[in-house]
file work_30.cif (mmCIF, C-alpha atoms)
data_data
#
loop_
_atom_site.label_atom_id
_atom_site.label_comp_id
_atom_site.auth_asym_id
_atom_site.auth_seq_id
_atom_site.Cartn_x
_atom_site.Cartn_y
_atom_site.Cartn_z
CA MET C 149 63.00 77.27 80.14
CA ASN C 150 64.93 79.47 77.75
CA GLN C 151 67.41 77.26 75.86
CA SER C 152 70.21 79.70 76.70
CA GLU C 153 69.68 79.35 80.46
CA PRO C 154 72.55 77.38 82.01
CA VAL C 155 71.60 74.57 84.39
CA ILE C 156 72.94 74.66 87.95
CA MET C 157 72.74 71.76 90.40
CA THR C 158 72.40 72.64 94.07
CA ILE C 159 73.27 70.00 96.64
CA SER C 160 71.96 71.14 100.01
CA GLY C 161 69.29 70.82 102.67
CA PHE C 162 65.56 71.38 102.34
CA ASP C 163 64.11 74.19 104.47
CA PRO C 164 60.29 73.84 104.48
CA LEU C 165 59.88 77.61 104.91
CA GLY C 166 61.88 78.32 101.75
CA GLY C 167 64.11 81.01 103.18
CA ALA C 168 67.30 78.96 102.98
CA GLY C 169 68.53 75.70 101.46
CA VAL C 170 67.54 74.39 98.07
CA ILE C 171 64.39 76.51 97.76
CA ALA C 172 66.37 79.72 98.23
CA ASP C 173 68.99 78.37 95.82
CA LEU C 174 66.45 77.60 93.11
CA LYS C 175 64.80 81.01 93.46
CA THR C 176 68.19 82.70 93.20
CA PHE C 177 69.19 80.69 90.12
CA GLY C 178 65.95 81.62 88.37
CA ALA C 179 66.23 85.28 89.31
CA ASN C 180 69.74 85.37 87.82
CA GLY C 181 68.87 83.81 84.48
CA CYS C 182 69.66 80.17 85.21
CA TYR C 183 67.69 76.93 85.55
CA GLY C 184 68.03 75.15 88.88
CA VAL C 185 67.94 71.45 89.73
CA ALA C 186 68.40 70.04 93.23
CA ALA C 187 69.75 67.02 95.09
CA ILE C 188 68.64 67.18 98.73
CA SER C 189 71.20 66.16 101.36
CA ALA C 190 69.06 66.69 104.47
CA ILE C 191 65.68 67.93 105.65
CA ASP C 192 65.53 70.78 108.16
CA VAL C 193 62.39 70.97 110.28
CA GLN C 194 60.77 73.25 112.87
CA GLN C 195 62.43 76.47 111.76
CA ARG C 196 61.62 79.13 114.38
CA PRO C 197 62.92 82.61 115.17
CA SER C 198 65.59 81.04 117.41
CA GLY C 199 66.93 78.97 114.52
CA LEU C 200 66.81 75.51 113.09
CA ASN C 201 65.83 72.74 115.53
CA GLU C 202 66.19 69.37 113.78
CA VAL C 203 68.24 68.04 110.87
CA TYR C 204 67.44 64.69 109.23
CA PRO C 205 70.17 63.61 106.77
CA VAL C 206 69.06 61.99 103.54
CA ASP C 207 70.36 58.47 102.99
CA VAL C 208 73.54 58.67 100.91
CA HIS C 209 72.20 56.18 98.35
CA ILE C 210 69.23 58.45 97.67
CA LEU C 211 71.53 61.46 97.32
CA GLN C 212 73.76 59.52 94.92
CA ALA C 213 70.78 58.42 92.83
CA CYS C 214 69.49 61.99 92.59
CA MET C 215 72.87 63.36 91.54
CA ARG C 216 73.32 60.62 88.92
CA SER C 217 69.87 61.30 87.51
CA ILE C 218 70.48 65.04 87.30
CA LEU C 219 73.86 64.69 85.61
CA ALA C 220 72.52 62.12 83.15
CA GLU C 221 69.47 64.18 82.16
CA SER C 222 70.73 67.77 82.39
CA LYS C 223 73.61 69.73 80.93
CA VAL C 224 74.83 71.03 84.27
CA ARG C 225 77.04 74.10 83.97
CA ALA C 226 77.83 74.71 87.66
CA ILE C 227 77.40 73.14 91.08
CA LYS C 228 76.51 74.87 94.35
CA ILE C 229 77.12 72.88 97.55
CA GLY C 230 75.49 73.81 100.84
CA MET C 231 74.58 71.63 103.81
CA LEU C 232 76.11 68.14 103.64
CA ALA C 233 75.14 66.80 107.10
CA THR C 234 77.24 63.60 107.00
CA ARG C 235 80.66 62.43 105.91
CA ALA C 236 79.02 59.81 103.68
CA ASN C 237 77.22 62.57 101.77
CA ALA C 238 80.46 64.54 101.47
CA GLU C 239 82.25 61.48 100.08
CA ALA C 240 79.50 60.98 97.48
CA ILE C 241 79.84 64.61 96.41
CA ARG C 242 83.60 64.28 96.08
CA GLU C 243 83.00 61.49 93.53
CA VAL C 244 80.78 63.84 91.52
CA LEU C 245 83.39 66.60 91.58
CA GLU C 246 86.14 64.18 90.54
CA ALA C 247 84.02 63.01 87.61
CA ASN C 248 83.25 66.60 86.52
CA PRO C 249 86.46 68.56 87.13
CA SER C 250 85.70 71.31 84.60
CA LEU C 251 82.49 72.51 86.26
CA PRO C 252 82.57 75.66 88.42
CA VAL C 253 81.83 74.71 92.03
CA VAL C 254 80.74 77.05 94.82
CA LEU C 255 81.07 75.48 98.28
CA ASP C 256 79.19 77.14 101.15
CA PRO C 257 80.55 75.14 104.14
CA LEU C 258 77.54 75.25 106.47
CA VAL C 259 78.73 74.17 109.89
CA ARG C 260 76.16 75.34 112.44
CA ALA C 261 72.64 76.80 112.35
CA THR C 262 71.63 80.03 114.06
CA GLY C 263 70.02 78.05 116.88
CA GLY C 264 73.23 76.14 117.61
CA ILE C 265 72.44 72.85 115.87
CA ASP C 266 75.40 71.29 114.06
CA LEU C 267 74.79 70.97 110.31
CA MET C 268 77.58 68.46 109.74
CA ASP C 269 79.19 65.81 111.90
CA ALA C 270 82.84 66.04 112.96
CA GLY C 271 83.94 63.56 110.32
CA CYS C 272 82.15 65.58 107.66
CA LEU C 273 83.91 68.81 108.69
CA GLU C 274 87.28 67.08 108.53
CA PHE C 275 86.46 65.63 105.10
CA VAL C 276 85.31 69.00 103.77
CA ARG C 277 88.55 70.58 104.95
CA ASP C 278 90.83 67.82 103.64
CA GLN C 279 89.03 66.69 100.48
CA LEU C 280 86.45 69.20 99.19
CA LEU C 281 88.19 72.49 99.89
CA SER C 282 90.64 72.11 97.02
CA ARG C 283 88.01 70.81 94.59
CA ALA C 284 85.79 73.91 94.73
CA THR C 285 86.26 76.91 92.49
CA VAL C 286 85.47 79.15 95.46
CA ILE C 287 84.34 78.65 99.05
CA THR C 288 82.10 81.12 100.92
CA PRO C 289 82.41 80.64 104.71
CA ASN C 290 81.11 83.17 107.20
CA LEU C 291 83.15 84.03 110.30
CA PRO C 292 82.18 80.98 112.43
CA GLU C 293 82.59 78.64 109.44
CA ALA C 294 86.01 80.04 108.59
CA ALA C 295 86.97 79.62 112.25
CA ALA C 296 85.86 75.99 112.25
CA LEU C 297 87.85 75.25 109.09
CA ILE C 298 91.12 76.83 110.24
CA GLY C 299 90.84 76.11 113.97
CA MET C 300 91.24 79.76 115.04
CA ASN C 301 88.91 82.54 116.17
CA VAL C 302 87.67 84.83 113.40
CA GLU C 303 86.04 87.93 114.84
CA ASN C 304 86.99 90.97 112.75
CA VAL C 305 88.23 92.06 109.34
CA GLU C 306 91.89 91.41 110.11
CA ASP C 307 90.98 87.91 111.30
CA MET C 308 89.01 87.42 108.08
CA LYS C 309 92.05 88.36 106.00
CA LEU C 310 94.19 85.92 107.97
CA ALA C 311 91.55 83.20 107.58
CA ALA C 312 91.31 83.77 103.82
CA ARG C 313 95.08 83.46 103.42
CA LYS C 314 95.12 80.38 105.64
CA LEU C 315 92.37 78.70 103.62
CA ILE C 316 94.32 79.36 100.42
CA GLU C 317 97.37 77.76 102.05
CA MET C 318 95.19 74.78 102.97
CA GLY C 319 94.32 74.24 99.30
CA ALA C 320 91.32 76.44 98.52
CA ARG C 321 91.51 78.00 95.06
CA ALA C 322 89.56 81.10 96.07
CA VAL C 323 87.75 82.25 99.19
CA VAL C 324 85.08 84.79 100.08
CA VAL C 325 84.87 85.15 103.87
CA THR C 326 81.48 86.80 104.35
CA GLY C 327 81.12 89.34 107.14
CA GLY C 328 77.41 89.62 107.65
CA HIS C 329 78.02 89.07 111.38
CA LEU C 330 79.96 92.34 111.64
CA GLU C 331 78.53 95.73 112.61
CA ARG C 332 79.30 96.91 109.08
CA PRO C 333 79.19 94.04 106.59
CA VAL C 334 82.55 93.47 104.94
CA ASP C 335 83.52 90.50 102.80
CA VAL C 336 87.11 89.45 102.15
CA PHE C 337 87.95 87.92 98.76
CA ALA C 338 91.21 86.09 98.14
CA ASP C 339 92.50 83.76 95.45
CA SER C 340 95.59 81.68 94.78
CA SER C 341 97.32 84.60 93.04
CA SER C 342 97.81 86.09 96.52
CA SER C 343 95.54 89.04 95.72
CA LEU C 344 93.20 90.03 98.54
CA ARG C 345 90.45 92.63 98.57
CA THR C 346 87.77 93.79 100.96
CA LEU C 347 84.24 94.43 99.75
CA ALA C 348 82.37 96.78 102.07
CA GLY C 349 78.60 97.00 102.31
CA ASP C 350 75.88 98.77 104.25
CA ARG C 351 73.95 97.33 107.18
CA ILE C 352 70.41 96.82 105.90
CA LYS C 353 67.58 95.41 108.00
CA PRO C 354 69.97 93.45 110.23
CA GLU C 355 67.28 92.00 112.48
CA ASN C 356 65.69 88.68 111.90
CA ILE C 357 66.63 87.85 108.30
CA TYR C 358 67.81 84.48 107.08
CA GLY C 359 68.99 82.91 103.85
CA ALA C 360 71.67 85.49 103.02
CA ALA C 361 74.51 82.95 102.88
CA CYS C 362 72.58 80.58 100.63
CA THR C 363 71.49 83.40 98.38
CA PHE C 364 74.98 84.87 98.03
CA SER C 365 76.65 81.55 97.17
CA SER C 366 73.86 80.67 94.73
CA ALA C 367 74.09 84.06 93.00
CA LEU C 368 77.83 83.51 92.75
CA ALA C 369 77.27 80.08 91.16
CA ALA C 370 74.77 81.61 88.72
CA ASN C 371 77.23 84.24 87.57
CA LEU C 372 79.95 81.63 87.11
CA ALA C 373 77.54 79.45 85.11
CA LEU C 374 76.85 82.46 82.89
CA GLY C 375 80.57 82.62 82.10
CA ARG C 376 81.57 85.63 84.16
CA PRO C 377 85.09 85.82 85.68
CA LEU C 378 85.25 84.99 89.38
CA ALA C 379 86.09 88.50 90.62
CA GLU C 380 83.19 89.98 88.64
CA ALA C 381 80.87 87.18 89.78
CA VAL C 382 81.67 87.93 93.44
CA ILE C 383 80.85 91.63 93.04
CA LEU C 384 77.60 90.93 91.18
CA ALA C 385 76.54 88.33 93.75
CA LYS C 386 77.19 90.76 96.62
CA ALA C 387 75.18 93.48 94.91
CA TYR C 388 72.32 91.06 94.30
CA VAL C 389 72.15 89.71 97.86
CA THR C 390 72.36 93.24 99.29
CA GLU C 391 69.30 94.29 97.31
CA ALA C 392 67.48 91.04 98.15
CA ILE C 393 68.01 91.89 101.82
CA ARG C 394 66.87 95.49 101.26
CA LYS C 395 63.65 94.28 99.58
CA SER C 396 62.94 91.46 102.07
CA TYR C 397 59.59 91.31 103.85
CA PRO C 398 57.98 89.02 106.44
CA VAL C 399 55.89 86.13 105.16
CA GLY C 400 54.84 85.03 108.65
CA ALA C 401 55.60 85.51 112.33
CA GLY C 402 59.14 84.12 112.22
CA ARG C 403 62.36 85.22 110.62
CA VAL C 404 62.30 87.30 107.45
CA PRO C 405 63.49 85.56 104.26
CA LEU C 406 65.30 87.43 101.53
CA ASN C 407 63.35 88.54 98.49
CA GLN C 408 65.16 86.75 95.68
CA PHE C 409 62.55 87.83 93.13
CA TYR C 410 62.76 91.57 93.74
CA ARG C 411 63.81 92.24 90.13
CA LEU C 412 60.69 90.55 88.74
CA GLN C 413 58.52 92.56 91.10
CA GLU C 414 60.20 95.77 89.98
CA LEU C 415 59.50 94.84 86.35
CA ALA C 416 55.87 94.14 87.16
CA GLU C 417 55.56 97.52 88.85
CA SER C 418 57.21 99.32 85.91
CA PRO C 419 55.69 98.12 82.62
CA PRO C 420 57.64 98.74 79.41
CA ALA C 421 57.26 102.07 77.64
CA GLY C 422 54.02 102.27 75.70
CA VAL C 423 52.31 99.64 77.84
CA LYS C 424 49.61 100.92 80.18
CA PRO C 425 48.89 99.02 83.40
CA VAL C 426 45.41 97.51 83.69
CA HIS C 427 43.37 98.75 86.68
#
call {"tool": "encode", "arguments": {"input": "work_30.cif", "output": "structure tokens"}}
result
Amino acid sequence: MNQSEPVIMTISGFDPLGGAGVIADLKTFGANGCYGVAAISAIDVQQRPSGLNEVYPVDVHILQACMRSILAESKVRAIKIGMLATRANAEAIREVLEANPSLPVVLDPLVRATGGIDLMDAGCLEFVRDQLLSRATVITPNLPEAAALIGMNVENVEDMKLAARKLIEMGARAVVVTGGHLERPVDVFADSSSSLRTLAGDRIKPENIYGAACTFSSALAANLALGRPLAEAVILAKAYVTEAIRKSYPVGAGRVPLNQFYRLQELAESPPAGVKPVH
């Protein structure tokens, strides 16, 4: 590890296929010049094209021990939070955030998997809304997650703007409502200064990809750990995840994971000037 690489702790679920969860987070951290460490909150199994089938929460005492070990041994510069699964896990994470109030925190409030399986219990959702929302530097819900947090339907860009403002009123410091579900991807960024902007994108390979939400929030955390202002970090993270989607490719018969390492592959394909590739 380069000594200048900031350390980021991800707290999220483990996806054995590596397209989402902590594996996607760690790949994204590394690709953006950071060093990743992980505390696993749950294990997701039997990922299939229809979505995630089973979630097994990690015992809260194990999660607490992992987080304590990481914070004692590493100079963590940012925290990314994904799947929590249970209220007990959410409460343990709140304690970490209270003890480290100066660290940038990106909260990706994962509520439900593509296949319809709930990724947090009802008590956990309530706790996230009432206790964690205000402790994160920025939250990154998609349309269904924003709807679950505010208790209203969120189906289009105007709804996204309303949801972003509502989440700020509820205590969030900053919000990026991600619109990957829309025909043309548009994200809505709002912060406590009442500024609100839309970030439009292009629809790229819309079928059968997964891991975009994890990758975006992790890239955002990486840019914050590198000291970039939030607005700039959001733009850079969106550009990165867009290209990771563009360069994605199937690794099996199921859904297509993003290609978080596309930059390294481009470097390998284009050696520095004066260096001839070996055939």
call {"tool": "closest_residue", "arguments": {"input": "work_30.cif", "among": "C:Gly400, C:Gly184, C:Gly271, C:Gly375", "to": "Met157 (chain C)", "atoms": "only C-alpha atoms"}}
result
C:Gly184
call {"tool": "closest_atom_pairs", "arguments": {"input": "work_30.cif", "of": "region 157-258 of chain C", "to": "region 382-397 of chain C", "cutoff": "12 Å", "atoms": "only C-alpha atoms", "output": "tab-separated table"}}
result
residue	atom	partner	partner_atom	distance
C:Gly167	CA	C:Ser396	CA	10.6
C:Ala172	CA	C:Ala392	CA	11.4
C:Asp173	CA	C:Val389	CA	11.9
C:Lys175	CA	C:Ala392	CA	11.4
C:Thr176	CA	C:Val389	CA	9.3
C:Phe177	CA	C:Ala385	CA	11.2
C:Ala179	CA	C:Tyr388	CA	9.8
C:Asn180	CA	C:Tyr388	CA	9.0
C:Val254	CA	C:Val382	CA	11.0
call {"tool": "closest_residue", "arguments": {"input": "work_30.cif", "among": "C:Ile298, C:Ala213, C:Ile357, C:Leu219", "to": "Arg403 (chain C)", "atoms": "all atoms listed in the file"}}
result
C:Ile357
call {"tool": "resolve_selection", "arguments": {"input": "work_30.cif", "expression": "the PyMOL selection byres ((chain C and resi 153) around 10)", "output": "list in words"}}
result
Met149, Asn150, Gln151, Ser152, Pro154, Val155, Ile156, Phe177, Gly178, Asn180, Gly181, Cys182, Tyr183, Gly184, Arg225, Ala370, Ala373 and Leu374 of chain C
call {"tool": "resolve_selection", "arguments": {"input": "work_30.cif", "expression": "the PyMOL selection byres ((chain C and resi 238) around 10)", "output": "MDAnalysis selection string"}}
result
chainID C and resid 189 208 229 231:237 239:244 268 271:273 275:276 279:280
call {"tool": "atom_distance", "arguments": {"input": "work_30.cif", "atom1": "CA of Cys362 (chain C)", "atom2": "CA of Met318 (chain C)"}}
result
23.5 Å
